[in-house]
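Shown here: my_file_30.txt, compact mmCIF, C-alpha atoms.
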```txt
# COMPACT_ATOMS: atom_id res chain seq x y z
CA MET A 1 36.52 34.34 -10.56
CA HIS A 2 35.17 31.02 -11.78
CA GLU A 3 35.92 29.43 -8.41
CA ALA A 4 33.96 32.19 -6.65
CA LYS A 5 30.97 31.66 -8.95
CA ALA A 6 31.14 27.92 -8.41
CA SER A 7 31.28 28.44 -4.65
CA VAL A 8 28.20 30.68 -4.76
CA ALA A 9 26.38 28.14 -6.93
CA PHE A 10 27.21 25.29 -4.54
CA LEU A 11 26.08 27.40 -1.57
CA SER A 12 22.78 28.22 -3.27
CA LEU A 13 22.28 24.55 -4.13
CA GLU A 14 22.92 23.54 -0.55
CA ARG A 15 20.45 26.12 0.76
CA LEU A 16 17.83 24.87 -1.68
CA ALA A 17 18.44 21.26 -0.60
CA ARG A 18 18.18 22.23 3.07
CA ALA A 19 14.93 24.07 2.43
CA LEU A 20 13.58 20.97 0.69
CA ALA A 21 14.70 18.78 3.58
CA GLN A 22 12.90 21.01 6.09
CA ILE A 23 9.64 20.31 4.23
CA VAL A 24 9.89 16.62 3.29
CA VAL A 25 12.06 15.13 6.06
CA ARG A 26 9.58 14.83 8.90
CA TRP A 27 8.41 11.98 11.13
CA ASP A 28 9.28 8.60 9.57
CA ALA A 29 11.36 10.24 6.85
CA PHE A 30 14.18 10.75 9.37
CA TYR A 31 14.43 6.98 9.76
CA PHE A 32 14.57 6.37 6.02
CA VAL A 33 17.33 8.95 5.54
CA HIS A 34 19.32 7.55 8.48
CA ILE A 35 18.96 3.96 7.23
CA ALA A 36 20.04 5.01 3.74
CA ASP A 37 23.06 6.78 5.22
CA ALA A 38 24.21 4.42 7.98
CA GLY A 39 22.19 1.22 7.68
CA TYR A 40 20.14 -0.39 10.43
CA ILE A 41 21.74 0.65 13.71
CA TYR A 42 18.86 0.65 16.21
CA GLU A 43 16.26 -2.02 16.88
CA GLN A 44 13.33 0.35 16.29
CA GLU A 45 14.56 1.03 12.76
CA HIS A 46 13.39 -2.44 11.79
CA ALA A 47 9.86 -1.03 11.58
CA PHE A 48 10.97 0.60 8.31
CA PHE A 49 11.49 -1.54 5.24
CA PRO A 50 14.68 -1.24 3.16
CA LEU A 51 13.61 -0.81 -0.48
CA LEU A 52 13.36 2.99 -0.39
CA PRO A 53 16.67 3.46 1.50
CA LEU A 54 18.39 1.05 -0.90
CA LEU A 55 17.18 3.02 -3.92
CA MET A 56 18.19 6.30 -2.25
CA ARG A 57 21.67 4.96 -1.60
CA ALA A 58 21.98 3.57 -5.13
CA LEU A 59 20.97 6.89 -6.71
CA THR A 60 23.33 8.84 -4.47
CA SER A 61 26.22 6.54 -5.37
CA THR A 62 25.60 6.77 -9.11
CA VAL A 63 23.47 9.40 -10.84
CA LEU A 64 23.59 11.90 -7.97
CA SER A 65 27.21 11.29 -6.95
CA PRO A 66 28.32 14.75 -8.21
CA LEU A 67 25.75 16.26 -5.87
CA VAL A 68 27.39 14.70 -2.80
CA SER A 69 30.47 16.93 -3.07
CA ALA A 70 28.26 20.00 -3.54
CA ILE A 71 25.69 19.57 -0.75
CA GLY A 72 26.87 16.63 1.35
CA ARG A 73 25.83 12.99 1.49
CA GLN A 74 22.76 13.33 3.72
CA LEU A 75 21.18 16.13 1.68
CA ALA A 76 21.94 14.19 -1.50
CA LEU A 77 20.11 11.23 0.03
CA VAL A 78 17.12 13.48 0.71
CA VAL A 79 17.10 14.63 -2.91
CA ALA A 80 17.32 10.98 -4.02
CA GLY A 81 14.39 10.05 -1.76
CA VAL A 82 12.25 12.86 -3.17
CA LEU A 83 13.13 11.82 -6.72
CA VAL A 84 12.22 8.18 -6.05
CA SER A 85 8.94 9.06 -4.33
CA ASN A 86 7.77 11.53 -6.95
CA THR A 87 8.79 9.36 -9.90
CA ALA A 88 6.94 6.44 -8.33
CA PHE A 89 3.95 8.74 -7.70
CA VAL A 90 3.67 9.57 -11.41
CA LEU A 91 4.13 5.93 -12.40
CA ALA A 92 1.50 4.87 -9.84
CA ALA A 93 -1.04 7.34 -11.27
CA VAL A 94 -0.47 6.07 -14.82
CA THR A 95 -0.65 2.44 -13.69
CA LEU A 96 -3.85 3.10 -11.74
CA TYR A 97 -5.39 4.57 -14.90
CA ARG A 98 -4.41 1.49 -16.91
CA LEU A 99 -5.69 -0.82 -14.17
CA GLY A 100 -8.95 1.13 -14.06
CA CYS A 101 -9.45 0.80 -17.82
CA ARG A 102 -8.86 -2.93 -17.46
CA SER A 103 -11.00 -3.56 -14.37
CA LEU A 104 -13.82 -1.03 -14.74
CA SER A 105 -14.43 -1.25 -18.50
CA ASN A 106 -15.00 2.51 -18.28
CA GLU A 107 -12.21 4.77 -19.52
CA LYS A 108 -13.80 7.96 -18.18
CA LEU A 109 -14.16 6.54 -14.67
CA ALA A 110 -10.60 5.22 -14.81
CA TYR A 111 -9.38 8.72 -15.71
CA VAL A 112 -11.39 10.47 -12.97
CA SER A 113 -10.18 7.88 -10.44
CA ALA A 114 -6.55 8.50 -11.42
CA LEU A 115 -7.12 12.23 -10.92
CA MET A 116 -8.53 11.52 -7.45
CA PHE A 117 -5.35 9.58 -6.70
CA VAL A 118 -3.25 12.60 -7.71
CA VAL A 119 -5.12 14.85 -5.24
CA ALA A 120 -5.46 12.15 -2.57
CA PRO A 121 -5.53 13.15 1.13
CA SER A 122 -2.16 11.40 1.49
CA ASN A 123 -0.49 13.40 -1.31
CA MET A 124 2.09 15.00 1.03
CA PHE A 125 3.39 11.55 1.96
CA MET A 126 3.44 10.57 -1.71
CA SER A 127 5.96 13.35 -2.39
CA ALA A 128 8.01 13.14 0.80
CA VAL A 129 10.71 10.60 1.74
CA TYR A 130 8.09 7.94 2.50
CA THR A 131 7.31 4.54 0.97
CA GLU A 132 3.69 5.24 -0.01
CA SER A 133 4.31 6.14 -3.67
CA LEU A 134 6.75 3.31 -4.24
CA PHE A 135 4.40 0.79 -2.67
CA ALA A 136 1.39 2.09 -4.61
CA TRP A 137 3.24 1.77 -7.91
CA LEU A 138 4.38 -1.78 -7.15
CA ALA A 139 0.95 -2.83 -5.88
CA PHE A 140 -0.92 -1.31 -8.83
CA SER A 141 1.57 -2.91 -11.24
CA ALA A 142 1.04 -6.30 -9.60
CA LEU A 143 -2.74 -5.99 -9.85
CA LEU A 144 -2.50 -4.94 -13.49
CA LEU A 145 -0.38 -8.02 -14.21
CA VAL A 146 -2.89 -10.20 -12.34
CA SER A 147 -5.66 -8.84 -14.57
CA TYR A 148 -3.66 -10.13 -17.56
CA GLU A 149 -3.03 -13.43 -15.71
CA GLN A 150 0.71 -12.82 -15.71
CA TYR A 151 0.92 -14.24 -12.24
CA MET A 152 4.65 -14.87 -11.92
CA LEU A 153 5.56 -11.28 -12.80
CA ALA A 154 2.80 -10.05 -10.49
CA ALA A 155 4.22 -12.14 -7.63
CA LEU A 156 7.68 -10.65 -8.21
CA CYS A 157 6.16 -7.14 -8.06
CA LEU A 158 4.47 -8.02 -4.78
CA GLY A 159 7.71 -9.52 -3.49
CA ALA A 160 9.34 -6.14 -4.13
CA SER A 161 6.39 -4.38 -2.50
CA THR A 162 6.91 -6.38 0.72
CA LEU A 163 10.42 -4.90 0.82
CA CYS A 164 8.52 -1.62 1.02
CA ARG A 165 5.50 -2.25 3.26
CA SER A 166 4.29 -5.34 5.10
CA ASN A 167 0.70 -5.11 3.84
CA GLY A 168 1.90 -6.08 0.36
CA ILE A 169 1.50 -9.69 1.51
CA THR A 170 -2.28 -9.30 1.66
CA TYR A 171 -2.41 -8.60 -2.09
CA ALA A 172 -1.30 -12.20 -2.68
CA GLY A 173 -4.93 -13.07 -2.01
CA PHE A 174 -5.65 -12.08 -5.63
CA PHE A 175 -3.76 -15.17 -6.80
CA VAL A 176 -5.87 -17.41 -4.57
CA TRP A 177 -9.01 -15.66 -5.78
CA ASN A 178 -8.21 -15.99 -9.48
CA LEU A 179 -6.96 -19.56 -9.35
CA LEU A 180 -9.15 -21.15 -6.68
CA VAL A 181 -12.13 -19.04 -5.62
CA ARG A 182 -13.82 -17.16 -8.46
CA GLN A 183 -16.48 -18.95 -10.46
CA GLU A 184 -14.54 -18.77 -13.73
CA ALA A 185 -11.72 -20.83 -12.19
CA TRP A 186 -14.11 -23.79 -11.83
CA ALA A 187 -15.71 -23.62 -15.27
CA GLU A 188 -13.61 -26.47 -16.68
CA PHE A 189 -14.61 -28.71 -13.75
CA ALA A 190 -18.23 -28.81 -14.90
CA GLY A 191 -19.61 -31.38 -17.33
CA ASP A 192 -17.97 -34.78 -17.90
CA ARG A 193 -18.17 -36.97 -14.78
CA GLY A 194 -16.21 -39.99 -15.99
CA MET A 195 -13.73 -41.49 -13.52
CA ARG A 196 -10.74 -40.72 -15.72
CA ARG A 197 -11.95 -37.18 -16.14
CA TRP A 198 -12.33 -36.79 -12.38
CA TRP A 199 -8.72 -37.84 -11.79
CA ALA A 200 -7.63 -35.23 -14.32
CA LYS A 201 -9.72 -32.61 -12.52
CA ILE A 202 -8.19 -33.52 -9.17
CA GLY A 203 -4.73 -33.23 -10.72
CA THR A 204 -5.61 -29.81 -12.14
CA LEU A 205 -6.93 -28.66 -8.76
CA LEU A 206 -3.82 -29.83 -6.91
CA SER A 207 -1.56 -28.10 -9.45
CA ARG A 208 -3.51 -24.88 -8.96
CA VAL A 209 -3.19 -25.13 -5.19
CA LEU A 210 0.57 -25.69 -5.52
CA TYR A 211 0.88 -22.81 -7.99
CA SER A 212 -1.05 -20.52 -5.64
CA LEU A 213 1.24 -21.44 -2.75
CA ILE A 214 4.33 -20.71 -4.88
CA LEU A 215 2.91 -17.32 -5.89
CA VAL A 216 2.06 -16.44 -2.28
CA ALA A 217 5.57 -17.47 -1.20
CA LEU A 218 7.15 -15.30 -3.92
CA SER A 219 4.93 -12.39 -2.88
CA SER A 220 6.25 -12.71 0.68
CA LEU A 221 9.93 -12.90 -0.26
CA GLY A 222 10.72 -9.28 0.55
CA PHE A 223 9.20 -9.47 4.01
CA VAL A 224 10.86 -12.84 4.72
CA ALA A 225 14.27 -11.58 3.56
CA PHE A 226 13.97 -8.49 5.77
CA GLU A 227 12.92 -10.67 8.72
CA ILE A 228 15.93 -12.97 8.25
CA PHE A 229 18.21 -9.95 8.03
CA GLY A 230 16.72 -8.51 11.24
CA ARG A 231 17.12 -11.73 13.19
CA ARG A 232 20.72 -12.17 12.12
CA LYS A 233 21.59 -8.60 12.98
CA LEU A 234 19.78 -8.45 16.31
CA CYS A 235 20.04 -12.02 17.59
CA GLU A 236 23.57 -13.15 16.67
CA ILE A 237 26.09 -12.29 19.38
CA PRO A 238 29.66 -11.42 18.25
CA ALA A 239 32.48 -13.48 19.77
CA GLY A 240 33.60 -12.04 23.08
CA ALA A 241 30.57 -9.79 23.49
CA SER A 242 28.29 -10.00 26.51
CA GLU A 243 24.87 -11.48 25.81
CA PRO A 244 22.18 -8.76 25.69
CA GLU A 245 18.56 -9.18 26.70
CA ARG A 246 17.10 -11.92 24.51
CA ARG A 247 14.09 -10.84 22.49
CA LEU A 248 11.14 -13.14 21.85
CA TYR A 249 11.78 -13.15 18.12
CA CYS A 250 15.23 -14.66 18.71
CA SER A 251 13.78 -17.85 20.20
CA ASP A 252 10.20 -18.05 18.90
CA SER A 253 9.87 -18.84 15.19
CA LEU A 254 6.29 -17.53 15.16
CA SER A 255 7.33 -14.11 16.47
CA THR A 256 8.68 -11.49 14.05
CA VAL A 257 11.13 -8.63 14.48
CA TYR A 258 8.71 -6.30 12.70
CA GLY A 259 5.77 -7.24 14.92
CA PHE A 260 7.84 -6.91 18.09
CA VAL A 261 9.20 -3.50 17.12
CA GLN A 262 5.75 -2.19 16.17
CA SER A 263 4.37 -3.34 19.50
CA LYS A 264 7.24 -2.18 21.74
CA TYR A 265 8.14 1.18 20.18
CA TRP A 266 4.86 2.27 18.58
CA ASP A 267 2.37 0.49 20.86
CA VAL A 268 0.65 -1.11 17.87
CA GLY A 269 -1.81 -3.85 18.77
CA PHE A 270 -5.44 -4.85 18.80
CA LEU A 271 -7.61 -2.05 20.32
CA ARG A 272 -4.58 -0.42 21.99
CA TYR A 273 -5.42 2.87 20.32
CA TYR A 274 -8.88 3.02 21.83
CA THR A 275 -8.12 5.53 24.56
CA LEU A 276 -9.64 8.93 25.26
CA GLN A 277 -6.44 10.79 24.41
CA GLN A 278 -6.52 9.34 20.87
CA ALA A 279 -10.01 10.73 20.14
CA PRO A 280 -8.61 13.58 17.98
CA ASN A 281 -6.78 11.05 15.82
CA PHE A 282 -10.02 9.12 15.29
CA LEU A 283 -11.60 12.38 14.14
CA LEU A 284 -8.77 12.85 11.63
CA ALA A 285 -9.40 9.34 10.32
CA ALA A 286 -13.20 9.62 10.32
CA PRO A 287 -13.64 10.93 6.72
CA MET A 288 -11.65 8.04 5.22
CA ILE A 289 -13.47 5.54 7.44
CA VAL A 290 -16.84 6.95 6.34
CA LEU A 291 -15.74 6.90 2.69
CA SER A 292 -14.65 3.27 3.03
CA VAL A 293 -17.82 2.11 4.74
CA ALA A 294 -19.89 3.94 2.12
CA GLY A 295 -17.90 2.42 -0.74
CA LEU A 296 -18.30 -1.10 0.60
CA TRP A 297 -21.99 -0.58 1.37
CA VAL A 298 -22.85 0.86 -2.05
CA TYR A 299 -21.09 -1.98 -3.86
CA ALA A 300 -22.61 -4.70 -1.68
CA ALA A 301 -26.10 -3.19 -1.92
CA HIS A 302 -25.95 -3.36 -5.73
CA ASP A 303 -26.23 -7.14 -5.37
CA ARG A 304 -26.00 -8.47 -1.83
CA THR A 305 -26.36 -12.06 -3.01
CA ARG A 306 -23.36 -11.68 -5.27
CA PHE A 307 -21.36 -10.08 -2.49
CA VAL A 308 -21.99 -12.79 0.13
CA SER A 309 -21.73 -15.70 -2.34
CA LEU A 310 -18.25 -14.65 -3.54
CA GLY A 311 -19.74 -13.87 -6.92
CA TRP A 312 -21.11 -17.35 -7.54
CA VAL A 313 -24.74 -16.24 -7.51
CA GLN A 314 -26.13 -13.11 -9.18
CA ARG A 315 -29.42 -11.74 -7.88
CA THR A 316 -30.31 -10.05 -11.18
CA PRO A 317 -29.10 -10.28 -14.78
CA ALA A 318 -28.25 -6.58 -14.53
CA ALA A 319 -25.73 -7.34 -11.77
CA ALA A 320 -23.95 -9.85 -13.99
CA ALA A 321 -23.65 -7.28 -16.76
CA SER A 322 -22.60 -4.39 -14.53
CA THR A 323 -19.52 -2.38 -15.45
CA GLY A 324 -17.78 0.55 -13.84
CA TYR A 325 -17.74 0.57 -10.07
CA PHE A 326 -20.23 -2.32 -9.90
CA ASP A 327 -18.22 -4.67 -12.11
CA ARG A 328 -18.02 -8.17 -10.60
CA ARG A 329 -14.25 -8.13 -11.14
CA LEU A 330 -14.03 -5.70 -8.22
CA LEU A 331 -15.21 -8.31 -5.71
CA PRO A 332 -11.71 -9.30 -4.45
CA HIS A 333 -10.81 -5.61 -4.19
CA MET A 334 -13.83 -5.13 -1.93
CA TYR A 335 -12.91 -8.01 0.34
CA LEU A 336 -9.34 -6.70 0.65
CA TRP A 337 -10.71 -3.22 1.40
CA ALA A 338 -12.93 -4.62 4.15
CA VAL A 339 -10.07 -6.58 5.73
CA LEU A 340 -7.67 -3.63 5.69
CA LEU A 341 -10.38 -1.32 7.03
CA PHE A 342 -10.82 -3.66 9.99
CA VAL A 343 -7.05 -3.77 10.57
CA ALA A 344 -6.69 0.02 10.27
CA THR A 345 -9.49 0.77 12.73
CA THR A 346 -8.60 -1.85 15.34
CA SER A 347 -4.86 -2.51 15.25
CA MET A 348 -3.04 0.57 13.93
CA HIS A 349 -2.49 4.23 14.61
CA VAL A 350 -5.80 5.07 13.02
CA GLN A 351 -4.81 8.51 11.73
CA VAL A 352 -2.45 6.95 9.17
CA ILE A 353 -5.40 5.35 7.36
CA THR A 354 -5.25 7.88 4.53
CA ARG A 355 -1.72 6.87 3.54
CA PHE A 356 -2.35 3.21 4.44
CA PHE A 357 -5.12 3.20 1.83
CA SER A 358 -3.08 5.06 -0.80
CA GLY A 359 -2.16 1.69 -2.32
CA LEU A 360 -5.78 0.51 -2.62
CA PRO A 361 -7.16 1.17 -6.13
CA VAL A 362 -10.75 0.63 -5.02
CA VAL A 363 -10.62 3.69 -2.74
CA PHE A 364 -10.03 5.91 -5.75
CA TRP A 365 -12.48 3.99 -7.93
CA PHE A 366 -15.22 4.70 -5.42
CA ALA A 367 -14.18 8.34 -5.06
CA GLY A 368 -14.21 8.67 -8.85
CA HIS A 369 -17.58 6.91 -9.05
CA ALA A 370 -19.08 9.19 -6.38
CA VAL A 371 -17.83 12.32 -8.15
CA ALA A 372 -18.90 11.16 -11.63
CA ALA A 373 -22.35 9.96 -10.50
CA ALA A 374 -23.04 13.15 -8.50
CA SER A 375 -22.17 15.32 -11.51
CA LEU A 376 -25.15 13.82 -13.37
CA ASP A 377 -27.67 14.52 -10.60
CA PRO A 378 -28.22 18.14 -9.47
CA ASN A 379 -29.64 16.89 -6.17
CA ARG A 380 -26.43 15.05 -5.37
CA ARG A 381 -23.89 17.73 -6.24
CA TRP A 382 -23.13 18.01 -2.53
CA VAL A 383 -21.57 14.53 -2.71
CA GLN A 384 -19.23 15.73 -5.43
CA TRP A 385 -18.22 18.78 -3.41
CA ALA A 386 -17.83 16.72 -0.23
CA VAL A 387 -15.53 14.11 -1.80
CA VAL A 388 -13.42 16.56 -3.83
CA GLY A 389 -13.33 19.00 -0.91
CA TYR A 390 -12.14 16.29 1.46
CA PHE A 391 -9.44 15.05 -0.90
CA VAL A 392 -8.06 18.47 -1.83
CA GLY A 393 -8.65 20.18 1.52
CA TYR A 394 -7.24 17.40 3.66
CA GLY A 395 -4.24 17.12 1.35
CA LEU A 396 -3.44 20.83 1.57
CA VAL A 397 -3.94 21.04 5.33
CA GLY A 398 -2.00 17.81 5.76
CA ALA A 399 0.96 19.25 3.84
CA VAL A 400 1.10 22.23 6.22
CA LEU A 401 0.71 20.05 9.32
CA PHE A 402 3.27 17.49 8.12
CA SER A 403 5.97 20.06 7.38
CA ASN A 404 5.47 21.52 10.88
CA PHE A 405 5.64 18.19 12.74
CA PHE A 406 1.90 17.92 13.44
CA PRO A 407 -0.24 14.80 12.90
CA PRO A 408 -1.55 12.99 10.97
CA ALA A 409 1.68 11.16 10.26
```

Would you encode the structure as structure tokens?
Amino acid sequence: MHEAKASVAFLSLERLARALAQIVVRWDAFYFVHIADAGYIYEQEHAFFPLLPLLMRALTSTVLSPLVSAIGRQLALVVAGVLVSNTAFVLAAVTLYRLGCRSLSNEKLAYVSALMFVVAPSNMFMSAVYTESLFAWLAFSALLLVSYEQYMLAALCLGASTLCRSNGITYAGFFVWNLLVRQEAWAEFAGDRGMRRWWAKIGTLLSRVLYSLILVALSSLGFVAFEIFGRRKLCEIPAGASEPERRLYCSDSLSTVYGFVQSKYWDVGFLRYYTLQQAPNFLLAAPMIVLSVAGLWVYAAHDRTRFVSLGWVQRTPAAAASTGYFDRRLLPHMYLWAVLLFVATTSMHVQVITRFFSGLPVVFWFAGHAVAAASLDPNRRWVQWAVVGYFVGYGLVGAVLFSNFFPPA
């Protein structure tokens, strides 16, 4: 009797897990599940970074090990992937709120921005077996640590993020900004011009340059480790085996496995996506592109002199005292946004821009700013409806399209 009940329970559990898999295991998720299950077998799988599969495998081998006998290893891996993604999603939202309070000096705006993150257009990917939530949490955590000048811990967070997505490397620019570019970094160099003092200043500058290089190197560790792993797996020929076709990355130190795979299997490259047949995908990306251009324009227009002078010159005293979305501490976020917008619109499958930008805090800060500002002006309520409607509507439609194997993916 008990065995029959247990059998029914296991069968119900398996059906539930299969139903979940039919929703969340689509597009790239298949690769992550396969890598977690069998490792890197095919060359094209090296377009997908290993942190999520490693966590899925670790969970399945420990906490979820009883589930393996009930529903099978692959379905247990799916459940593990969903748990990792959704846990990271919650942690990312909380961390974004904390980062907003720190960077915006406006608790209400930080809260609204975190809510916009929760209903982001990419929310289906944040809950599926994808790396977006995990990367967002690690990136937001790194930026929060940078804001407290805990640079070594921030670099380790970014190093983990580059085991998740390659664009984590670009966030290392915040170290260079804080230590070498922003005006505050040079405050101690003003004043005394004595020769002995100058030698001390030069020593301080050189130590900062060295420290920045170390932090950038640590931030790149995940990507570098994955690249070394890929070269060893794909380039080393076992004894007695016939030599396969040699790839460029096996002989050229400047070529990467990741770059080669993206180019060969996904046709990623500068302006390659600019064909007539990709016009619908550009339409899918258009709202996020418009939002990004608007966000950059509004911030720059608040003080163009500040924007082009890297914050060294303020056009008005009001600009120096600005908080919220116009806080001068957002300058490096704006420059990163501009760079990634250029990359997304020229060198990627443009329709993935919504999930590509899910790890950019400034996207949600601008969305929160637009919603909060429009709520105070009856003539601009349409902006509020447009932004919220886009976030919620695109997210809901995207969930339906994703689960049925339709783009954007």

Compile the contact shell of A:Gln183 as a ChimeraX atom specification: residues with an atom at most 12 Å away, counting only C-alpha atoms, same-chain residues fewer than 3 positions apart removed.
/A:177-180,186-190,306,309-314,328-329,331

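With all atoms listed in the file as the atoms that count, the residue of A:Ser166, A:Leu143, A:Asp37, A:Leu96 with the shortest distance to A:Ala110 is A:Leu96.
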
Test item: axis-aligned box, all listed atoms of stretch 354-361 of chain A, 6 Å on each side, centre and edges in Å rounded to one decimal, as JSON:
```
{"center_x": -4.4, "center_y": 4.2, "center_z": -0.8, "size_x": 17.4, "size_y": 19.4, "size_z": 22.7}
```

Answer as a ChimeraX atom specification, residues within 8 Å of (-6.0, -8.5, -0.4) using only C-alpha atoms:
/A:169-174,332-333,335-337,339-340

Store the residues picked out above in a file with C-alpha atoms, as a compact mmCIF listing (two decimals), in the frame of the given file.
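The resulting file, result_25.txt, is shown below:
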```
# COMPACT_ATOMS: atom_id res chain seq x y z
CA ILE A 169 1.50 -9.69 1.51
CA THR A 170 -2.28 -9.30 1.66
CA TYR A 171 -2.41 -8.60 -2.09
CA ALA A 172 -1.30 -12.20 -2.68
CA GLY A 173 -4.93 -13.07 -2.01
CA PHE A 174 -5.65 -12.08 -5.63
CA PRO A 332 -11.71 -9.30 -4.45
CA HIS A 333 -10.81 -5.61 -4.19
CA TYR A 335 -12.91 -8.01 0.34
CA LEU A 336 -9.34 -6.70 0.65
CA TRP A 337 -10.71 -3.22 1.40
CA VAL A 339 -10.07 -6.58 5.73
CA LEU A 340 -7.67 -3.63 5.69
```

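The gap separating atom CA of A:Met56 from atom CA of A:Leu77 is 5.8 Å, in Å to one decimal.
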
Neighbour residues at most 6 Å from (8.7, -6.9, -1.0) (all atoms listed in the file) as number ranges by chain:
A: 158-164, 222-223

For each of A:Pro407, A:Gly81, A:Gly100, A:Gly203, take the minimum atom-to-atom distance to A:Ser127, counting only C-alpha atoms, then give the residue where this is smallest.
A:Gly81

How far is it from atom CA of A:Phe117 to atom CA of A:Pro361, in Å with one decimal?
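Going from atom CA of A:Phe117 over to atom CA of A:Pro361, I get 8.6 Å.
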
Calculate how many Å separate atom CA of A:Ala344 from atom CA of A:Val216, rounding to one decimal.
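For atom CA of A:Ala344 relative to atom CA of A:Val216, the distance reads 22.5 Å.
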
Considering all atoms listed in the file, state which residue in the set A:Gly389, A:Gly324, A:Pro378, A:Gly168 is at the smallest distance from A:Ser103.
A:Gly324

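For stretch 249-251 of chain A, the residues within 8 Å (counting only C-alpha atoms, excluding itself and residues fewer than 4 positions away along the chain) are Arg231, Cys235, Ser255, Thr256, Val257 and Phe260 of chain A.
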
Selected residues, C-alpha atoms, written as a CSV table (one decimal), keeping the file's coordinate frame, please.
```csv
chain,number,residue,atom,x,y,z
A,231,ARG,CA,17.1,-11.7,13.2
A,235,CYS,CA,20.0,-12.0,17.6
A,255,SER,CA,7.3,-14.1,16.5
A,256,THR,CA,8.7,-11.5,14.0
A,257,VAL,CA,11.1,-8.6,14.5
A,260,PHE,CA,7.8,-6.9,18.1
```

Within 10 Å of A:Gly395 using all atoms listed in the file, minus same-chain residues under 5 positions, as a list in words
Val119, Ala120, Pro121, Ser122, Asn123, Met124, Phe125, Thr354, Gly389, Tyr390, Val400 and Leu401 of chain A

Restricting the output to C-alpha atoms, write the selected residues as a compact mmCIF listing (two decimals), keeping the file's coordinate frame.
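Listing of result20.txt after writing:
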```
# COMPACT_ATOMS: atom_id res chain seq x y z
CA VAL A 119 -5.12 14.85 -5.24
CA ALA A 120 -5.46 12.15 -2.57
CA PRO A 121 -5.53 13.15 1.13
CA SER A 122 -2.16 11.40 1.49
CA ASN A 123 -0.49 13.40 -1.31
CA MET A 124 2.09 15.00 1.03
CA PHE A 125 3.39 11.55 1.96
CA THR A 354 -5.25 7.88 4.53
CA GLY A 389 -13.33 19.00 -0.91
CA TYR A 390 -12.14 16.29 1.46
CA VAL A 400 1.10 22.23 6.22
CA LEU A 401 0.71 20.05 9.32
```

Counting all atoms listed in the file, what is within 12 Å of A:Val68, bar same-chain residues fewer than 2 positions away, as a ChimeraX atom specification?
/A:10,13-14,17,57,59-66,70-80
